[in-house]
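The structure appears below as structure tokens.
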Amino acid sequence: MRASRSMTVAVAGALAVTALAGCGSDAGGDEAAVAATTAPPPLGAELAGRYAHWDVVAYEGELMNTMIVTYGFADLSVVDGELISQQTFCHAETRTNLPIETGSADAMTQAIKPPPVAVTVTEEDGALRLFRPETPTGIGITLADPANDVLPTDPNDPRISDDDGDGNPGVTAFIKVSEELQGELYLARRERFAYDVVAQDDGSLRGNVIDKSEQLIIGASDPTFMVSDTWVQHPDPSKSPILWKPVPDDWDCDRLMAESAALLPPIPPLDW
């Protein structure tokens with residue numbers, strides 16, 4: 001898939017150069033157009049395409065340790081001479097070191113919609129390394145300045161948004177301590193993550209997640225759950241791995257989750 005895509009780009013580029021070379025020009029603007037058209041593609045252009053995305057973020061908290069495993073897509077494309085990353089998400093699994101169950105509906109995961117961003121590409125020891133910088137993104141809240149606005153604590157704050165469409169403020173997480181004690185948490189979050197990945201010989205990209213996300217509990221179905229915890233990413237990078245594996249461009253979330261067991265790693269143990 002990658003070879004044919006690169007070949008198509010190369011052939012198109014060669015045809016464009018040939019056509020321009022056959023046309024005379026007596027204006028400086030035409031010369032600038034030729035130069036722009038024949039500019040080389042950016043480093044890493046051959047990586048353009050759709051990837052199945054799998055990542056783990058390990059958190060340490062004062063009350064419990066948590067691991068979130070996320071499934072989705074990374075789409076790389078060449079735009080205006082830059083390699084652009086667009087992330088979309090499908091499903092998430094949560095694990096903790098306590099005997100409780102936590103999680104969220106796919107509608108919450110799919111409501112995370114970071115903007116496209118240019119990646120930095122370098123070559124190290126013959127391998128391409130991509131760094132996707134953080135793009136602070138609100139979920140459960142509309143932020144005018146996503147990087148700097150303070151998250152609210154008031155569920156009536158006009159910025160609160162029902163991004164998962166379940167009729168509750170913010171986005172909803174589920175918690176089950178026992179059959180008698182279970183319910184919902186309503187959250188406002190700022191998703192703040194960066195990726196550092198290296199291209200592998202098999203076409204995949206592997207690396208680590210750097211996560212500085214924040215969340216506040218703005219409500220709960222039971223006051224018992226109104227207990228905030230401070231989450232900090234575990235300092236060991238190996239506990240927050242990321243994997244991108246190339247897939248056809250027409251794959252969607254249903255196809256990804258149907259193929260995930262064969263394509264992507266199993267959920268690792270929470271061992272801290």
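By order of appearance in the structure tokens: chains A, B, ..., then residues from 1 within every chain, and ligands from 1 in the order shown.
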Inset, instruction - Mind checking which residues fall within 10 Å of segment 94-98 of chain A, counting only C-alpha atoms, ignoring those fewer than 5 positions away in the same chain, and posting them as JSON, numbers by chain? - result: {"A": [56, 57, 58, 59, 60, 63, 64, 65, 66, 67, 68, 69, 70, 103, 104, 177, 267, 268, 269, 270, 271, 272]}
Legend entry - Contacts of Gly170 of chain A at 7 Å (only C-alpha atoms; same-chain gap of 2+ positions) as a ChimeraX atom specification: /A:140-141,160-163,168,172,186-188
Grab the residues selected above and save them as an mmCIF file, in the first residue's frame with N, CA and C atoms.
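Result saved to part-v5.cif:
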data_model
loop_
_atom_site.group_PDB
_atom_site.id
_atom_site.type_symbol
_atom_site.label_atom_id
_atom_site.label_comp_id
_atom_site.auth_asym_id
_atom_site.auth_seq_id
_atom_site.Cartn_x
_atom_site.Cartn_y
_atom_site.Cartn_z
ATOM 1 N N GLY A 140 -16.604 17.878 26.933
ATOM 2 C CA GLY A 140 -17.548 18.164 28.002
ATOM 3 C C GLY A 140 -17.578 19.633 28.356
ATOM 4 N N ILE A 141 -16.802 20.419 27.643
ATOM 5 C CA ILE A 141 -16.745 21.860 27.869
ATOM 6 C C ILE A 141 -16.223 22.524 26.610
ATOM 7 N N ILE A 160 -20.181 24.427 29.819
ATOM 8 C CA ILE A 160 -20.357 22.981 29.877
ATOM 9 C C ILE A 160 -21.165 22.514 28.668
ATOM 10 N N SER A 161 -20.720 21.435 28.029
ATOM 11 C CA SER A 161 -21.401 20.926 26.842
ATOM 12 C C SER A 161 -21.589 19.414 26.961
ATOM 13 N N ASP A 162 -22.747 18.955 26.546
ATOM 14 C CA ASP A 162 -23.072 17.528 26.589
ATOM 15 C C ASP A 162 -22.512 16.864 25.335
ATOM 16 N N ASP A 163 -21.193 16.692 25.307
ATOM 17 C CA ASP A 163 -20.540 16.235 24.075
ATOM 18 C C ASP A 163 -20.825 14.782 23.739
ATOM 19 N N ASN A 168 -26.727 14.479 30.101
ATOM 20 C CA ASN A 168 -26.088 14.882 31.351
ATOM 21 C C ASN A 168 -25.020 15.936 31.079
ATOM 22 N N THR A 172 -19.866 11.576 30.393
ATOM 23 C CA THR A 172 -20.215 10.657 31.468
ATOM 24 C C THR A 172 -19.276 9.468 31.542
ATOM 25 N N TYR A 186 -19.941 12.887 36.024
ATOM 26 C CA TYR A 186 -20.055 13.837 34.924
ATOM 27 C C TYR A 186 -18.797 14.702 34.947
ATOM 28 N N LEU A 187 -18.090 14.704 33.834
ATOM 29 C CA LEU A 187 -16.734 15.247 33.792
ATOM 30 C C LEU A 187 -16.589 16.374 32.776
ATOM 31 N N ALA A 188 -15.690 17.288 33.075
ATOM 32 C CA ALA A 188 -15.157 18.245 32.093
ATOM 33 C C ALA A 188 -13.668 17.935 31.987
#
Legend entry - Residue set, segment 203-251 of chain A restricted to strand (DSSP E or B), as a PyMOL selection string: chain A and resi 205-211+214-220+231-233+241-246
Using only C-alpha atoms, which protein or nucleic acid residues come within 12 Å of Ser228 of chain A? Drop anything in the same chain fewer than 6 positions from it, and give the result as a PDB file with C-alpha atoms, in the first residue's frame.
ATOM      1  CA  GLY A  61      -3.203   8.945  41.699  1.00  0.00           C
ATOM      2  CA  GLU A  62      -3.465   9.616  45.389  1.00  0.00           C
ATOM      3  CA  LEU A  63      -6.445   7.255  45.699  1.00  0.00           C
ATOM      4  CA  MET A  64      -5.836   4.776  42.896  1.00  0.00           C
ATOM      5  CA  THR A 153     -16.421  23.180  38.842  1.00  0.00           C
ATOM      6  CA  LEU A 185     -19.640  10.694  37.047  1.00  0.00           C
ATOM      7  CA  TYR A 186     -20.055  13.837  34.924  1.00  0.00           C
ATOM      8  CA  LEU A 187     -16.734  15.247  33.792  1.00  0.00           C
ATOM      9  CA  GLU A 214      -6.831  17.320  33.172  1.00  0.00           C
ATOM     10  CA  GLN A 215     -10.296  16.461  34.379  1.00  0.00           C
ATOM     11  CA  LEU A 216     -12.725  17.741  36.960  1.00  0.00           C
ATOM     12  CA  ILE A 217     -15.818  16.048  38.345  1.00  0.00           C
ATOM     13  CA  ILE A 218     -18.701  18.467  37.854  1.00  0.00           C
ATOM     14  CA  GLY A 219     -21.444  16.157  39.087  1.00  0.00           C
ATOM     15  CA  ALA A 220     -22.438  12.578  39.933  1.00  0.00           C
TER      16      ALA A 220
END
Legend entry - Selection near segment 105-108 of chain A, 9 Å with only C-alpha atoms, sequence-local residues under 3 positions removed, as a list in words: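 Skipping anything fewer than 3 positions along the chain leaves Phe89, Cys90, His91, Ala92, Ala111, Ile112, Ile139, Gly140, Asp163, Asp164, Gly165, Asp166, Val171, Thr172, Ala173 and Phe174 of chain A.
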Inset, instruction - Name the residues of segment 50-240 of chain A that fall into alpha helix (DSSP H) according to DSSP on the backbone, using the chain letters and numbers of this document, as a PyMOL selection string. - result: chain A and resi 106-110
Could the residues in this selection be written to a file with N, CA and C atoms, as a short mmCIF file (atom, residue, chain, number, x, y, z; two decimals), in the first residue's frame?
data_model
loop_
_atom_site.label_atom_id
_atom_site.label_comp_id
_atom_site.auth_asym_id
_atom_site.auth_seq_id
_atom_site.Cartn_x
_atom_site.Cartn_y
_atom_site.Cartn_z
N ASP A 106 -18.75 4.65 24.14
CA ASP A 106 -17.95 5.04 22.98
C ASP A 106 -18.26 6.47 22.55
N ALA A 107 -19.47 6.95 22.84
CA ALA A 107 -19.82 8.33 22.47
C ALA A 107 -18.90 9.33 23.14
N MET A 108 -18.44 9.03 24.34
CA MET A 108 -17.50 9.93 25.01
C MET A 108 -16.14 9.90 24.32
N THR A 109 -15.64 8.70 24.05
CA THR A 109 -14.34 8.58 23.38
C THR A 109 -14.37 9.25 22.01
N GLN A 110 -15.45 9.03 21.27
CA GLN A 110 -15.54 9.58 19.91
C GLN A 110 -15.78 11.08 19.90
#
Inset, instruction - Find the residues near Leu128 of chain A: any atom within 8 Å, counting only C-alpha atoms, skip ones fewer than 2 places away on the same chain, and give them as number ranges by chain. - result: A: 44, 121-124, 126, 130, 198-199
Inset, instruction - Name the closest residue to Gly207 of chain A among the candidates A:Ile175, A:Leu143, A:Leu151, A:Ile242; distances are taken between atoms, counting only C-alpha atoms. - result: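 Result for the nearest residue to Gly207 of chain A: A:Ile242.
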Legend entry - Which residue of A:Val227, A:Ala258, A:Ala74, A:Val247 approaches Lys113 of chain A most closely, using only C-alpha atoms: A:Ala74
Legend entry - Of the listed residues A:Pro115, A:Pro99, A:Glu259, A:Ala127, that which approaches Leu43 of chain A most closely, counting only C-alpha atoms: A:Ala127
